[in-house]
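Visitor: Take a look at work15.pdb, PDB, C-alpha atoms, pLDDT in the B column:
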```pdb
MODEL        1
ATOM      1  CA  MET A 266      88.381 203.125 126.053  1.00 50.00           C
ATOM      2  CA  LYS A 267      88.447 203.402 122.265  1.00 61.00           C
ATOM      3  CA  SER A 268      87.963 199.648 121.832  1.00 64.00           C
ATOM      4  CA  HIS A 269      85.021 199.787 124.264  1.00 65.00           C
ATOM      5  CA  ILE A 270      83.370 202.520 122.193  1.00 66.00           C
ATOM      6  CA  LYS A 271      84.029 200.643 118.941  1.00 67.00           C
ATOM      7  CA  ARG A 272      82.514 197.476 120.434  1.00 68.00           C
ATOM      8  CA  THR A 273      79.466 199.441 121.566  1.00 67.00           C
ATOM      9  CA  ILE A 274      79.012 200.909 118.072  1.00 68.00           C
ATOM     10  CA  ALA A 275      79.317 197.460 116.514  1.00 64.00           C
ATOM     11  CA  ILE A 276      76.772 195.986 118.941  1.00 66.00           C
ATOM     12  CA  LEU A 277      74.303 198.832 118.368  1.00 59.00           C
ATOM     13  CA  LEU A 278      74.629 198.492 114.581  1.00 58.00           C
ATOM     14  CA  LEU A 279      74.129 194.710 114.821  1.00 56.00           C
ATOM     15  CA  VAL A 280      71.049 195.115 117.028  1.00 56.00           C
ATOM     16  CA  CYS A 281      69.621 197.662 114.615  1.00 55.00           C
ATOM     17  CA  PHE A 282      70.245 195.320 111.676  1.00 54.00           C
ATOM     18  CA  LEU A 283      68.636 192.358 113.466  1.00 51.00           C
ATOM     19  CA  VAL A 284      65.623 194.415 114.496  1.00 49.00           C
ATOM     20  CA  SER A 285      65.125 195.578 110.916  1.00 49.00           C
ATOM     21  CA  LEU A 286      65.219 191.960 109.720  1.00 44.00           C
ATOM     22  CA  THR A 287      63.080 190.291 112.345  1.00 41.00           C
ATOM     23  CA  ALA A 288      60.594 192.722 113.815  1.00 37.00           C
ATOM     24  CA  THR A 289      57.436 192.931 111.747  1.00 35.00           C
ATOM     25  CA  ALA A 290      56.186 195.810 113.845  1.00 33.00           C
ATOM     26  CA  VAL A 291      59.176 197.930 112.850  1.00 35.00           C
ATOM     27  CA  SER A 292      58.653 200.080 109.794  1.00 36.00           C
ATOM     28  CA  ALA A 293      60.715 199.071 106.768  1.00 35.00           C
ATOM     29  CA  THR A 294      62.257 202.521 106.806  1.00 37.00           C
ATOM     30  CA  CYS A 295      63.001 203.337 110.431  1.00 38.00           C
ATOM     31  CA  GLN A 296      64.215 206.863 110.904  1.00 40.00           C
ATOM     32  CA  LEU A 297      67.849 207.547 111.658  1.00 41.00           C
ATOM     33  CA  ARG A 298      68.233 208.085 115.381  1.00 42.00           C
ATOM     34  CA  SER A 299      70.928 209.490 117.608  1.00 44.00           C
ATOM     35  CA  LYS A 300      71.783 208.095 121.019  1.00 44.00           C
ATOM     36  CA  ALA A 301      74.073 209.552 123.650  1.00 44.00           C
ATOM     37  CA  TYR A 302      76.878 207.404 125.015  1.00 43.00           C
ATOM     38  CA  ASN A 303      79.646 208.891 127.171  1.00 37.00           C
ATOM     39  CA  ASN A 304      79.083 212.320 125.585  1.00 36.00           C
ATOM     40  CA  ALA A 305      79.455 210.836 122.094  1.00 42.00           C
ATOM     41  CA  VAL A 306      76.656 210.832 119.581  1.00 44.00           C
ATOM     42  CA  LEU A 307      76.227 207.484 117.877  1.00 44.00           C
ATOM     43  CA  ILE A 308      74.213 207.652 114.695  1.00 49.00           C
ATOM     44  CA  ILE A 309      72.386 204.447 113.819  1.00 50.00           C
ATOM     45  CA  VAL A 310      70.639 203.799 110.530  1.00 46.00           C
ATOM     46  CA  CYS A 311      67.679 201.417 110.590  1.00 42.00           C
ATOM     47  CA  ARG A 312      66.560 201.479 106.986  1.00 42.00           C
ATOM     48  CA  ASP A 313      65.886 198.577 104.686  1.00 41.00           C
ATOM     49  CA  GLN A 314      68.704 199.658 102.330  1.00 47.00           C
ATOM     50  CA  ASN A 315      70.814 201.378 104.971  1.00 67.00           C
ATOM     51  CA  THR A 316      71.090 204.536 102.848  1.00 86.00           C
ATOM     52  CA  LEU A 317      70.003 208.126 102.971  1.00 90.00           C
ATOM     53  CA  THR A 318      69.770 209.922  99.658  1.00 92.00           C
ATOM     54  CA  LYS A 319      68.402 212.999  97.899  1.00 95.00           C
ATOM     55  CA  GLY A 320      64.751 213.577  98.639  1.00 94.00           C
ATOM     56  CA  ASP A 321      64.803 211.999 102.118  1.00 92.00           C
ATOM     57  CA  GLN A 322      63.508 214.161 104.918  1.00 92.00           C
ATOM     58  CA  ASN A 323      63.780 213.095 108.552  1.00 88.00           C
ATOM     59  CA  THR A 324      65.674 213.615 111.792  1.00 87.00           C
ATOM     60  CA  GLY A 325      68.420 211.291 110.569  1.00 86.00           C
ATOM     61  CA  VAL A 326      69.206 213.623 107.709  1.00 90.00           C
ATOM     62  CA  LYS A 327      69.311 216.472 110.210  1.00 90.00           C
ATOM     63  CA  GLU A 328      71.859 214.575 112.353  1.00 88.00           C
ATOM     64  CA  ILE A 329      74.021 213.885 109.292  1.00 91.00           C
ATOM     65  CA  GLN A 330      73.808 217.572 108.312  1.00 93.00           C
ATOM     66  CA  ARG A 331      74.806 218.669 111.823  1.00 91.00           C
ATOM     67  CA  SER A 332      77.823 216.368 111.728  1.00 90.00           C
ATOM     68  CA  LEU A 333      78.913 217.567 108.288  1.00 94.00           C
ATOM     69  CA  ILE A 334      78.562 221.215 109.325  1.00 94.00           C
ATOM     70  CA  ARG A 335      80.504 220.512 112.554  1.00 91.00           C
ATOM     71  CA  PHE A 336      83.318 219.001 110.465  1.00 92.00           C
ATOM     72  CA  GLY A 337      83.451 222.099 108.229  1.00 94.00           C
ATOM     73  CA  TYR A 338      81.383 221.036 105.210  1.00 96.00           C
ATOM     74  CA  SER A 339      79.165 223.708 103.701  1.00 95.00           C
ATOM     75  CA  ILE A 340      75.391 223.364 103.925  1.00 97.00           C
ATOM     76  CA  PRO A 341      74.279 227.014 103.534  1.00 96.00           C
ATOM     77  CA  SER A 342      70.662 226.399 104.540  1.00 96.00           C
ATOM     78  CA  GLY A 343      71.784 224.619 107.729  1.00 96.00           C
ATOM     79  CA  ALA A 344      70.516 221.400 109.289  1.00 95.00           C
ATOM     80  CA  THR A 345      66.966 221.355 107.953  1.00 96.00           C
ATOM     81  CA  GLY A 346      66.406 217.600 107.825  1.00 93.00           C
ATOM     82  CA  TYR A 347      65.875 217.697 104.046  1.00 96.00           C
ATOM     83  CA  TYR A 348      68.431 215.866 101.875  1.00 96.00           C
ATOM     84  CA  GLY A 349      68.690 218.268  98.952  1.00 97.00           C
ATOM     85  CA  ASP A 350      71.474 219.427  96.659  1.00 97.00           C
ATOM     86  CA  GLU A 351      73.435 221.145  99.450  1.00 97.00           C
ATOM     87  CA  THR A 352      73.542 217.991 101.563  1.00 97.00           C
ATOM     88  CA  TYR A 353      74.305 215.864  98.508  1.00 98.00           C
ATOM     89  CA  ASN A 354      77.290 218.074  97.646  1.00 97.00           C
ATOM     90  CA  ALA A 355      78.518 218.148 101.252  1.00 97.00           C
ATOM     91  CA  VAL A 356      78.310 214.343 101.448  1.00 97.00           C
ATOM     92  CA  ARG A 357      80.238 214.008  98.162  1.00 97.00           C
ATOM     93  CA  ASN A 358      82.941 216.387  99.428  1.00 97.00           C
ATOM     94  CA  TYR A 359      83.149 214.460 102.708  1.00 96.00           C
ATOM     95  CA  GLN A 360      83.416 211.135 100.874  1.00 96.00           C
ATOM     96  CA  LYS A 361      86.189 212.534  98.644  1.00 97.00           C
ATOM     97  CA  ALA A 362      88.116 213.840 101.662  1.00 95.00           C
ATOM     98  CA  GLU A 363      87.745 210.507 103.475  1.00 93.00           C
ATOM     99  CA  GLY A 364      88.902 208.510 100.460  1.00 95.00           C
ATOM    100  CA  ILE A 365      85.727 206.472 100.214  1.00 94.00           C
ATOM    101  CA  HIS A 366      83.478 205.779  97.221  1.00 95.00           C
ATOM    102  CA  VAL A 367      81.881 209.067  96.139  1.00 97.00           C
ATOM    103  CA  SER A 368      78.163 208.516  95.622  1.00 95.00           C
ATOM    104  CA  GLY A 369      76.492 211.419  97.415  1.00 96.00           C
ATOM    105  CA  LYS A 370      74.503 208.847  99.424  1.00 94.00           C
ATOM    106  CA  VAL A 371      74.980 208.069 103.107  1.00 92.00           C
ATOM    107  CA  GLY A 372      75.367 204.305 103.287  1.00 88.00           C
ATOM    108  CA  SER A 373      77.085 202.071 105.804  1.00 85.00           C
ATOM    109  CA  THR A 374      80.657 203.104 104.848  1.00 89.00           C
ATOM    110  CA  THR A 375      79.984 206.850 104.943  1.00 90.00           C
ATOM    111  CA  LEU A 376      78.027 206.421 108.162  1.00 86.00           C
ATOM    112  CA  ALA A 377      80.880 204.487 109.782  1.00 84.00           C
ATOM    113  CA  HIS A 378      83.313 207.283 108.871  1.00 88.00           C
ATOM    114  CA  LEU A 379      80.926 209.913 110.255  1.00 87.00           C
ATOM    115  CA  ASP A 380      80.519 207.874 113.458  1.00 82.00           C
ATOM    116  CA  ASN A 381      84.291 207.604 113.918  1.00 79.00           C
ATOM    117  CA  ASP A 382      84.816 211.302 113.216  1.00 79.00           C
ATOM    118  CA  GLN A 383      81.971 212.182 115.602  1.00 74.00           C
ATOM    119  CA  LEU A 384      83.472 210.039 118.372  1.00 70.00           C
ATOM    120  CA  TYR A 385      86.898 211.615 117.856  1.00 71.00           C
ATOM    121  CA  TYR A 386      85.344 215.089 117.897  1.00 71.00           C
ATOM    122  CA  GLU A 387      83.461 214.371 121.130  1.00 72.00           C
ATOM    123  CA  MET A 388      86.547 212.947 122.824  1.00 77.00           C
ATOM    124  CA  THR A 389      88.771 215.878 121.862  1.00 80.00           C
ATOM    125  CA  HIS A 390      86.433 218.832 122.419  1.00 75.00           C
TER     126      HIS A 390
ENDMDL
END
```
Could you spell out this file's structure in structure tokens?
Guide:
Amino acid sequence: MKSHIKRTIAILLLVCFLVSLTATAVSATCQLRSKAYNNAVLIIVCRDQNTLTKGDQNTGVKEIQRSLIRFGYSIPSGATGYYGDETYNAVRNYQKAEGIHVSGKVGSTTLAHLDNDQLYYEMTH
């Protein structure tokens, strides 16, 4: 089952990437969206640079905040959808704990780790 979920994530990420490259009707900065699959939340980024950073405000940021809070990272103001200092610090702490490059930005590597942690959480709770 795990390999099936990983394949589905990979396919969804590839489709998102291809859509962002080829569809002229798609905004250059699609919002981050969440989709349900077998009770797991898959977070897909469709942005031209595939990053979320300080100053962004959208539902994608809110999904990232919810995941970070669920995994025990402090965002005192909660999941507001605004990527401010609290989210930046939580992302940096998460990146440090995961052993990935600490930038404070949510790019493809951080997103992949969040996706995997989210899938594990959903399968075990």
Visitor: Which residues are close to Ile340 of chain A, i.e. within 7 Å by only C-alpha atoms, leaving aside same-chain residues fewer than 5 positions away? Reply as a list in words.
Guide: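 What passes the distance filter is Ile334, Glu351, Thr352 and Ala355 of chain A.
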Visitor: What would the list of residues within 12 Å of (70.2, 214.1, 103.5) (file frame) look like as a PyMOL selection string, if all atoms listed in the file are what count?
Guide: chain A and resi 296-297+316-333+340+343-357+369-372+376
Visitor: For segment 376-381 of chain A, I'd like the enclosing box, axis-aligned and padded by 5 Å on every side, reported as JSON with centre and edge lengths in Å to one decimal.
Guide:
```
{"center_x": 81.2, "center_y": 207.2, "center_z": 111.0, "size_x": 16.3, "size_y": 15.4, "size_z": 15.8}
```
Visitor: Could you tell me how far atom CA of Gly364 of chain A sits from atom CA of His378 of chain A, in Å to one decimal place?
Guide: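 Result for atom CA of His378 of chain A versus atom CA of Gly364 of chain A: 10.2 Å, one decimal.
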Visitor: What does the structure give for the distance between atom CA of Tyr386 of chain A and atom CA of Gly337 of chain A, in Å to one decimal?
Guide: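 A separation of 12.1 Å between them.
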